[in-house]
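**Student:** File name model.tsv; file contents TSV, C-alpha atoms; full text below.
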chain	number	residue	atom	x	y	z
F	19	GLU	CA	0.00	0.00	0.00
F	20	PRO	CA	1.41	3.41	-0.88
F	21	GLU	CA	2.51	5.49	2.05
F	22	VAL	CA	3.96	8.84	2.99
F	23	THR	CA	7.52	8.58	4.25
F	24	GLN	CA	9.34	11.12	6.40
F	25	THR	CA	12.96	11.61	7.37
F	26	PRO	CA	14.53	11.95	9.82
F	27	SER	CA	12.38	10.26	12.41
F	28	HIS	CA	14.07	12.27	15.15
F	29	GLN	CA	16.36	15.29	14.99
F	30	VAL	CA	18.01	17.12	17.83
F	31	THR	CA	19.34	20.60	17.10
F	32	GLN	CA	20.66	23.65	18.85
F	33	MET	CA	18.56	26.79	19.01
F	34	GLY	CA	19.26	29.05	16.06
F	35	GLN	CA	20.25	26.24	13.72
F	36	GLU	CA	18.52	25.50	10.43
F	37	VAL	CA	16.57	22.29	10.10
F	38	ILE	CA	15.18	20.59	7.01
F	39	LEU	CA	12.53	17.93	7.36
F	40	ARG	CA	11.90	15.72	4.36
F	41	CYS	CA	8.82	13.96	3.09
F	42	VAL	CA	8.00	11.77	0.14
F	43	PRO	CA	4.25	11.99	-0.49
F	44	ILE	CA	2.21	9.31	-2.22
F	45	SER	CA	3.14	9.49	-5.85
F	46	ASN	CA	-0.16	10.40	-7.50
F	47	HIS	CA	-1.24	12.86	-4.84
F	48	LEU	CA	-1.40	16.53	-5.68
F	49	TYR	CA	-1.88	18.30	-2.35
F	50	PHE	CA	0.76	18.29	0.34
F	51	TYR	CA	0.64	19.47	3.92
F	52	TRP	CA	2.71	20.01	6.99
F	53	TYR	CA	1.14	19.75	10.41
F	54	ARG	CA	2.79	19.87	13.78
F	55	GLN	CA	1.93	18.49	17.18
F	56	ILE	CA	3.57	19.90	20.27
F	57	LEU	CA	3.80	17.20	22.91
F	58	GLY	CA	0.41	16.53	24.43
F	59	GLN	CA	-1.38	19.09	22.30
F	60	LYS	CA	-3.55	19.17	19.22
F	61	VAL	CA	-2.49	18.60	15.64
F	62	GLU	CA	-2.00	22.06	14.13
F	63	PHE	CA	-2.05	22.97	10.46
F	64	LEU	CA	1.05	24.72	9.18
F	65	VAL	CA	0.85	24.91	5.42
F	66	SER	CA	-0.66	23.39	2.31
F	67	PHE	CA	1.03	23.20	-1.07
F	68	TYR	CA	-0.43	22.65	-4.50
F	69	ASN	CA	0.85	23.15	-8.00
F	70	ASN	CA	4.26	24.22	-6.73
F	71	GLU	CA	3.04	26.97	-4.50
F	72	ILE	CA	1.64	27.53	-1.06
F	73	SER	CA	-2.15	27.42	-1.16
F	74	GLU	CA	-2.78	28.20	2.49
F	75	LYS	CA	-0.71	28.80	5.60
F	76	SER	CA	-1.45	29.32	9.25
F	77	GLU	CA	-0.29	32.04	11.62
F	78	ILE	CA	2.35	29.62	12.89
F	79	PHE	CA	3.98	29.48	9.47
F	80	ASP	CA	5.95	32.70	9.71
F	81	ASP	CA	9.04	33.86	7.83
F	82	GLN	CA	11.19	31.30	9.64
F	83	PHE	CA	9.40	28.51	7.79
F	84	SER	CA	9.53	27.59	4.13
F	85	VAL	CA	8.45	24.66	2.00
F	86	GLU	CA	9.75	23.35	-1.25
F	87	ARG	CA	9.19	20.54	-3.70
F	88	PRO	CA	12.64	20.50	-5.22
F	89	ASP	CA	12.52	17.47	-7.46
F	90	GLY	CA	8.96	16.29	-8.05
F	91	SER	CA	9.05	13.65	-5.35
F	92	ASN	CA	10.35	15.23	-2.13
F	93	PHE	CA	8.47	17.83	-0.15
F	94	THR	CA	10.55	19.65	2.43
F	95	LEU	CA	9.92	21.89	5.41
F	96	LYS	CA	12.73	24.22	6.38
F	97	ILE	CA	12.98	26.07	9.65
F	98	ARG	CA	15.62	28.76	9.23
F	99	SER	CA	16.53	29.53	12.81
F	100	THR	CA	14.98	27.14	15.28
F	101	LYS	CA	13.52	28.24	18.59
F	102	LEU	CA	12.84	26.19	21.68
F	103	GLU	CA	9.12	26.38	20.96
F	104	ASP	CA	9.64	24.69	17.59
F	105	SER	CA	10.15	21.42	19.43
F	106	ALA	CA	7.32	19.23	18.22
F	107	MET	CA	6.37	16.30	16.04
F	108	TYR	CA	6.04	17.41	12.45
F	109	PHE	CA	3.73	15.44	10.21
F	110	CYS	CA	3.69	15.48	6.46
F	111	ALA	CA	0.49	14.52	4.70
F	112	SER	CA	-0.75	14.21	1.17
F	113	ARG	CA	-4.10	13.85	-0.41
F	114	SER	CA	-5.54	13.23	-3.83
F	115	VAL	CA	-8.30	15.69	-4.55
F	116	GLY	CA	-10.64	15.93	-7.43
F	117	ALA	CA	-10.34	12.41	-8.72
F	118	PRO	CA	-13.57	10.41	-9.05
F	119	GLY	CA	-14.35	8.68	-5.77
F	120	ASN	CA	-11.81	10.69	-3.86
F	121	THR	CA	-12.99	11.54	-0.41
F	122	GLY	CA	-10.37	13.97	0.67
F	123	GLU	CA	-8.75	12.21	3.56
F	124	LEU	CA	-5.18	12.96	4.43
F	125	PHE	CA	-2.56	10.24	4.41
F	126	PHE	CA	0.02	10.93	7.07
F	127	GLY	CA	3.62	10.01	7.48
F	128	GLU	CA	4.95	8.67	10.76
F	129	GLY	CA	6.27	12.08	11.73
F	130	SER	CA	9.62	13.72	12.43
F	131	ARG	CA	10.27	14.57	16.04
F	132	LEU	CA	12.25	17.80	16.37
F	133	THR	CA	13.93	18.62	19.64
F	134	VAL	CA	15.46	22.07	19.97
F	135	LEU	CA	17.94	22.53	22.80
T	590	ALA	CA	-14.27	28.13	8.27
T	591	GLN	CA	-14.59	24.69	9.74
T	592	SER	CA	-13.86	23.57	13.27
T	593	VAL	CA	-14.50	20.61	15.53
T	594	THR	CA	-14.98	20.40	19.27
T	595	GLN	CA	-14.14	17.22	21.09
T	596	LEU	CA	-15.79	16.92	24.48
T	597	GLY	CA	-13.55	15.26	27.02
T	598	SER	CA	-9.79	15.31	26.61
T	599	HIS	CA	-9.56	12.05	28.58
T	600	VAL	CA	-12.04	9.18	28.61
T	601	SER	CA	-11.68	6.01	30.66
T	602	VAL	CA	-13.70	2.87	30.04
T	603	SER	CA	-13.52	-0.66	31.32
T	604	GLU	CA	-12.52	-3.42	28.96
T	605	GLY	CA	-15.70	-4.69	27.30
T	606	ALA	CA	-17.64	-1.48	27.91
T	607	LEU	CA	-19.08	0.87	25.32
T	608	VAL	CA	-16.73	3.49	23.93
T	609	LEU	CA	-18.28	6.88	23.13
T	610	LEU	CA	-16.07	9.75	22.02
T	611	ARG	CA	-17.88	12.97	21.25
T	612	CYS	CA	-17.29	15.37	18.39
T	613	ASN	CA	-19.30	18.37	17.27
T	614	TYR	CA	-18.49	20.26	14.13
T	615	SER	CA	-19.02	23.71	12.78
T	616	SER	CA	-19.00	24.26	9.07
T	617	SER	CA	-20.37	26.85	6.69
T	618	VAL	CA	-20.43	24.32	3.86
T	619	PRO	CA	-21.29	20.61	3.71
T	620	PRO	CA	-18.49	18.90	5.56
T	621	TYR	CA	-16.38	15.85	5.22
T	622	LEU	CA	-15.68	14.43	8.67
T	623	PHE	CA	-12.96	12.10	9.82
T	624	TRP	CA	-11.77	10.24	12.86
T	625	TYR	CA	-8.06	9.53	13.14
T	626	VAL	CA	-6.31	7.43	15.76
T	627	GLN	CA	-2.80	7.95	17.07
T	628	TYR	CA	-1.07	5.21	19.01
T	629	PRO	CA	1.85	6.21	21.25
T	630	ASN	CA	4.85	7.46	19.27
T	631	GLN	CA	3.15	6.80	15.95
T	632	GLY	CA	1.56	8.80	13.17
T	633	LEU	CA	-2.10	9.40	12.46
T	634	GLN	CA	-4.18	6.60	11.02
T	635	LEU	CA	-7.61	7.07	9.47
T	636	LEU	CA	-10.31	5.20	11.39
T	637	LEU	CA	-13.30	6.24	9.32
T	638	LYS	CA	-14.74	9.05	7.25
T	639	TYR	CA	-18.08	10.62	6.44
T	640	THR	CA	-18.43	11.88	2.89
T	641	SER	CA	-22.21	12.30	2.57
T	642	ALA	CA	-22.91	8.82	1.21
T	643	ALA	CA	-24.32	7.28	4.40
T	644	THR	CA	-24.87	8.82	7.81
T	645	LEU	CA	-23.71	5.73	9.71
T	646	VAL	CA	-20.12	5.05	8.87
T	647	LYS	CA	-18.19	1.93	9.79
T	648	GLY	CA	-14.46	2.00	10.17
T	649	ILE	CA	-11.59	-0.20	11.13
T	650	ASN	CA	-11.22	-2.07	14.43
T	651	GLY	CA	-14.99	-2.18	15.05
T	652	PHE	CA	-15.47	1.57	15.33
T	653	GLU	CA	-18.37	3.43	13.81
T	654	ALA	CA	-19.68	6.98	13.79
T	655	GLU	CA	-22.99	8.57	12.95
T	656	PHE	CA	-23.34	11.91	11.21
T	657	LYS	CA	-26.24	13.88	12.68
T	658	LYS	CA	-26.78	17.12	10.85
T	659	SER	CA	-29.47	18.34	13.25
T	660	GLU	CA	-27.04	18.00	16.14
T	661	THR	CA	-23.90	18.89	14.14
T	662	SER	CA	-22.34	15.82	15.68
T	663	PHE	CA	-20.13	12.97	14.57
T	664	HIS	CA	-19.60	10.85	17.67
T	665	LEU	CA	-17.37	7.78	17.56
T	666	THR	CA	-18.54	4.55	19.16
T	667	LYS	CA	-17.46	0.99	19.69
T	668	PRO	CA	-19.67	-1.54	21.45
T	669	SER	CA	-16.93	-3.28	23.41
T	670	ALA	CA	-13.57	-1.75	24.28
T	671	HIS	CA	-10.35	-3.73	23.95
T	672	MET	CA	-7.08	-2.96	25.66
T	673	SER	CA	-5.58	-2.33	22.24
T	674	ASP	CA	-7.98	0.60	21.72
T	675	ALA	CA	-6.01	2.73	24.17
T	676	ALA	CA	-4.82	5.63	22.05
T	677	GLU	CA	-5.58	9.23	21.23
T	678	TYR	CA	-8.48	9.91	18.88
T	679	PHE	CA	-8.82	13.01	16.76
T	680	CYS	CA	-11.96	14.23	15.06
T	681	ALA	CA	-11.33	16.30	11.95
T	682	VAL	CA	-13.30	18.29	9.38
T	683	SER	CA	-12.80	19.48	5.85
T	684	ASP	CA	-15.00	20.98	3.18
T	685	ALA	CA	-16.94	18.46	1.11
T	686	GLY	CA	-14.93	19.19	-1.99
T	687	GLY	CA	-11.82	18.19	-0.11
T	688	TYR	CA	-9.91	21.17	-1.38
T	689	GLN	CA	-9.43	22.95	1.92
T	690	LYS	CA	-7.20	21.95	4.78
T	691	VAL	CA	-8.30	19.37	7.32
T	692	THR	CA	-8.82	20.91	10.75
T	693	PHE	CA	-8.35	18.73	13.82
T	694	GLY	CA	-9.94	18.74	17.21
T	695	ILE	CA	-7.89	18.77	20.35
T	696	GLY	CA	-8.00	14.99	20.69
T	697	THR	CA	-9.42	12.58	23.24
T	698	LYS	CA	-7.12	10.19	25.02
T	699	LEU	CA	-8.86	6.87	25.59
T	700	GLN	CA	-7.80	4.76	28.54
T	701	VAL	CA	-9.04	1.17	28.77
T	702	ILE	CA	-9.07	-0.31	32.24
T	703	PRO	CA	-8.70	-4.07	32.57
Write out the structure in this file as structure tokens.
**Tutor:**
Amino acid sequence: EPEVTQTPSHQVTQMGQEVILRCVPISNHLYFYWYRQILGQKVEFLVSFYNNEISEKSEIFDDQFSVERPDGSNFTLKIRSTKLEDSAMYFCASRSVGAPGNTGELFFGEGSRLTVL
Amino acid sequence: AQSVTQLGSHVSVSEGALVLLRCNYSSSVPPYLFWYVQYPNQGLQLLLKYTSAATLVKGINGFEAEFKKSETSFHLTKPSAHMSDAAEYFCAVSDAGGYQKVTFGIGTKLQVIP
């Protein structure tokens, strides 16, 4: 069964360092997302990406964050200068929208846990 | 904009007892509704979804949910809890076209007592 894969599974970084989280969405999906979950809290939307551009972003997704689909298969989230409060589990998701029978659910990766020290 | 409210951040049930996790939604357009489950240290797995075909939806692991438009509810139930059901459950909503983001509730942590 096709799945979304994320790397790394866990990354520890120093405050102020740049971090890149990588995702490989399901191959025929067209919409890509990043969500985050701070320990013990809700799953929060960060950004959605379609047709090589951001389609929607939340207040959390400030200038320190960026996304890219560099090569047609990977979908990356970059945090330019990490803060302590960026420590969270980051989930990538993809969905196929618009196809007959599609029902819009997100398919999630296993997550990348980011710890900022 | 869509949103969901999950009543009860923690629910405890005895093994074999009925599981009822509550979710109410708010949506300005016909919604798609989802329940996801998250086991400890794992990602989010789709349990079931409502996409306007049938109001009673059956999912994996014996779970089901009923869409009630008059009550704007989409509660998750299971007749008999198993120890393996202990996890966190998230209700989520999207627009019916599926083009907008999926918005999650705060989650309900289910504890199953032997």
**Student:** Using only C-alpha atoms, what does the table of chain T residues within 7 Å of chain F look like, with each row giving the shortest atom pair and its distance in Å to one decimal, sorted by chain and ascending number, as CSV?
**Tutor:**
residue,atom,partner,partner_atom,distance
T:Gln631,CA,F:Glu128,CA,5.8
T:Gly632,CA,F:Glu128,CA,4.2
T:Leu633,CA,F:Phe126,CA,6.0
T:Thr640,CA,F:Thr121,CA,6.4
T:Gly687,CA,F:Gly122,CA,4.5
T:Tyr688,CA,F:Val115,CA,6.5
T:Phe693,CA,F:Val61,CA,6.1
T:Gly694,CA,F:Lys60,CA,6.7
T:Ile695,CA,F:Lys60,CA,4.5
T:Gly696,CA,F:Lys60,CA,6.3
**Student:** So which one's closest to F:Arg40, F:His28, F:Ile78, F:Lys101, F:Thr133? Using all atoms listed in the file, please.
**Tutor:**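 Once distances to F:Arg40 are computed over all atoms listed in the file, the minimum belongs to F:His28.
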**Student:** Could you check the closest approach to F:Arg54 for each of F:Ser76, F:Leu135, F:Glu86, F:Gln32 and tell me which residue wins, using all atoms listed in the file?
**Tutor:**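 For F:Arg54, the nearest of the given residues is F:Ser76.
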**Student:** What's around T:Gln634 at 9 Å? Count only C-alpha atoms, leave out sequence neighbours fewer than 4 positions away in its own chain, and write the answer as a PDB file with C-alpha atoms, keeping the file's coordinate frame.
**Tutor:**
ATOM      1  CA  PHE F 125      -2.560  10.240   4.410  1.00  0.00           C
ATOM      2  CA  PHE F 126       0.020  10.930   7.070  1.00  0.00           C
TER       3      PHE F 126
ATOM      4  CA  TRP T 624     -11.770  10.240  12.860  1.00  0.00           C
ATOM      5  CA  TYR T 625      -8.060   9.530  13.140  1.00  0.00           C
ATOM      6  CA  VAL T 626      -6.310   7.430  15.760  1.00  0.00           C
ATOM      7  CA  GLN T 627      -2.800   7.950  17.070  1.00  0.00           C
ATOM      8  CA  TYR T 628      -1.070   5.210  19.010  1.00  0.00           C
TER       9      TYR T 628
END
**Student:** What is the distance, in Å and to one decimal place, between atom CA of F:Thr94 and atom CA of F:Val42?
**Tutor:**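 Between atom CA of F:Thr94 and atom CA of F:Val42 the gap works out to 8.6 Å.
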**Student:** Distance atom CA of F:Glu21-atom CA of F:Pro43, one decimal place?
**Tutor:** 7.2 Å
**Student:** F:Gln82: which residues within 7 Å, counting all atoms listed in the file, same-chain residues fewer than 2 positions away excluded, as a PyMOL selection string?
**Tutor:** chain F and resi 80+84+97-99
**Student:** What separation in Å, quoted to one decimal, exists between atom CA of T:Pro703 and atom CA of T:His664?
**Tutor:**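 Those two atoms sit 23.7 Å apart.
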**Student:** Within 9 Å of (-20.8, 8.2, 8.9) (coordinates as in the file), grab all the protein and nucleic acid residues, counting all atoms listed in the file, and write them out as a ChimeraX atom specification.
**Tutor:** /T:622-623,637-648,653-657,663
**Student:** Show me, as a PyMOL selection string, the residues that have an atom within 7 Å of F:Val134 when counting all atoms listed in the file, minus same-chain residues fewer than 4 positions from it.
**Tutor:** chain F and resi 30-33+100-102+104-105
**Student:** In terms of the shortest atom-to-atom distance over all atoms listed in the file, which of F:His47, F:Trp52, F:Gly90, F:Glu71 is closest to T:Val691?
**Tutor:** F:Trp52
**Student:** With only C-alpha atoms as the counted atoms, please give the residues lying no more than 7 Å from stretch 596-611 of chain T, apart from itself and same-chain residues fewer than 2 positions off, as a CSV table (one decimal) with C-alpha atoms, keeping the file's coordinate frame.
**Tutor:**
chain,number,residue,atom,x,y,z
T,594,THR,CA,-15.0,20.4,19.3
T,613,ASN,CA,-19.3,18.4,17.3
T,664,HIS,CA,-19.6,10.8,17.7
T,665,LEU,CA,-17.4,7.8,17.6
T,666,THR,CA,-18.5,4.6,19.2
T,667,LYS,CA,-17.5,1.0,19.7
T,668,PRO,CA,-19.7,-1.5,21.4
T,669,SER,CA,-16.9,-3.3,23.4
T,670,ALA,CA,-13.6,-1.8,24.3
T,671,HIS,CA,-10.4,-3.7,24.0
T,672,MET,CA,-7.1,-3.0,25.7
T,696,GLY,CA,-8.0,15.0,20.7
T,697,THR,CA,-9.4,12.6,23.2
T,698,LYS,CA,-7.1,10.2,25.0
T,699,LEU,CA,-8.9,6.9,25.6
T,700,GLN,CA,-7.8,4.8,28.5
T,701,VAL,CA,-9.0,1.2,28.8
T,702,ILE,CA,-9.1,-0.3,32.2
T,703,PRO,CA,-8.7,-4.1,32.6
